[in-house]
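Enquirer: Sharing a structure here in structure tokens format.
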Amino acid sequence: MPKATDTQEVKDTELIGRSLHGKKDSEVFCDRGFIKWQQFYDSRLDENLSVDRIGNKNIDRGSLLYLLPLAKKRMDKPFKGWAVIQVKKMRAGKRSFNIIPTPINDDENPDNSNELHADIDRQDFRSETLAYTLAVTLSHLVSEITNLSDNKKISKDSVPVVS
């Protein structure tokens, strides 16, 4: 598990996860089980897209257990799990996404620190239209390589990890 002071490059073999939130499963998943594009959309156009580093080659149980309390308190909607993808798949093809290690150190409130935090660089996606395009692309990319019927259950809370 990387440390908060470790800002080394995110490797192709690493897995990153976007936390999924919604009051109902229908806010997270489409009828066919795909992850809705809204889960990858952030209207704060001047910021990058937040993700977590959750393992190298495989999902790291310790990382998920560390991230679980952070994910549960992150938004006003209930936490539903993570959409997970290998970085290598995000760097393939015509569009290559830059993943930046951005550990969060909050000395005043250590419960808000996240040593596994990273960002998807949105430098080329700052308009509403381009942010939407990115969200749809990421949703499609994650969903096309995901077998949602085979979700893994990790932790005592049985948090689904979509990978």
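By convention in this document, the chains of the structure tokens carry letters A, B, ... by their order, each chain's residues are numbered from 1, and ligands are numbered from 1 in the order they are shown.
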Can you list, as number ranges by chain, every residue of chain A that DSSP puts in strand (DSSP E or B)?
Expert: A: 14-21, 29, 35, 49-56, 79-86, 99-101, 104, 114, 117-120, 152-154, 159-162
Enquirer: Arg53 in chain A: which residues within 8 Å, counting only C-alpha atoms, same-chain residues fewer than 4 positions away excluded, as a PyMOL selection string?
Expert: chain A and resi 14-17+63+116-118
Enquirer: Using only C-alpha atoms, pick whichever of A:Leu134, A:Val51, A:Ile99, A:Leu45 has the shortest atom-to-atom distance to Arg18 in chain A.
Expert: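 That would be A:Val51, the residue with the smallest distance to Arg18 in chain A.
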Enquirer: When DSSP works through the backbone of this structure, what residues of range 10-66 of chain A end up as alpha helix (DSSP H), shown as a count of residues only?
Expert: 6
Enquirer: Give me, please, the distance in Å between CA of Phe97 in chain A and CA of Asp124 in chain A, quoted to one decimal.
Expert: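 Computing the Euclidean distance for CA of Phe97 in chain A and CA of Asp124 in chain A yields 9.9 Å.
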Enquirer: Compare A:Asp111, A:Leu138, A:Gln123, A:Asp12 by their minimum atom-to-atom distance to Lys73 in chain A, counting only C-alpha atoms, and give me the closest one.
Expert: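 The shortest atom-to-atom distance to Lys73 in chain A comes from A:Asp111.
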Enquirer: Using only C-alpha atoms, which residue out of A:Glu115, A:Asp31, A:Asp106, A:Asp42 lies closest to Thr129 in chain A?
Expert: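 Nearest to Thr129 in chain A: A:Asp42.
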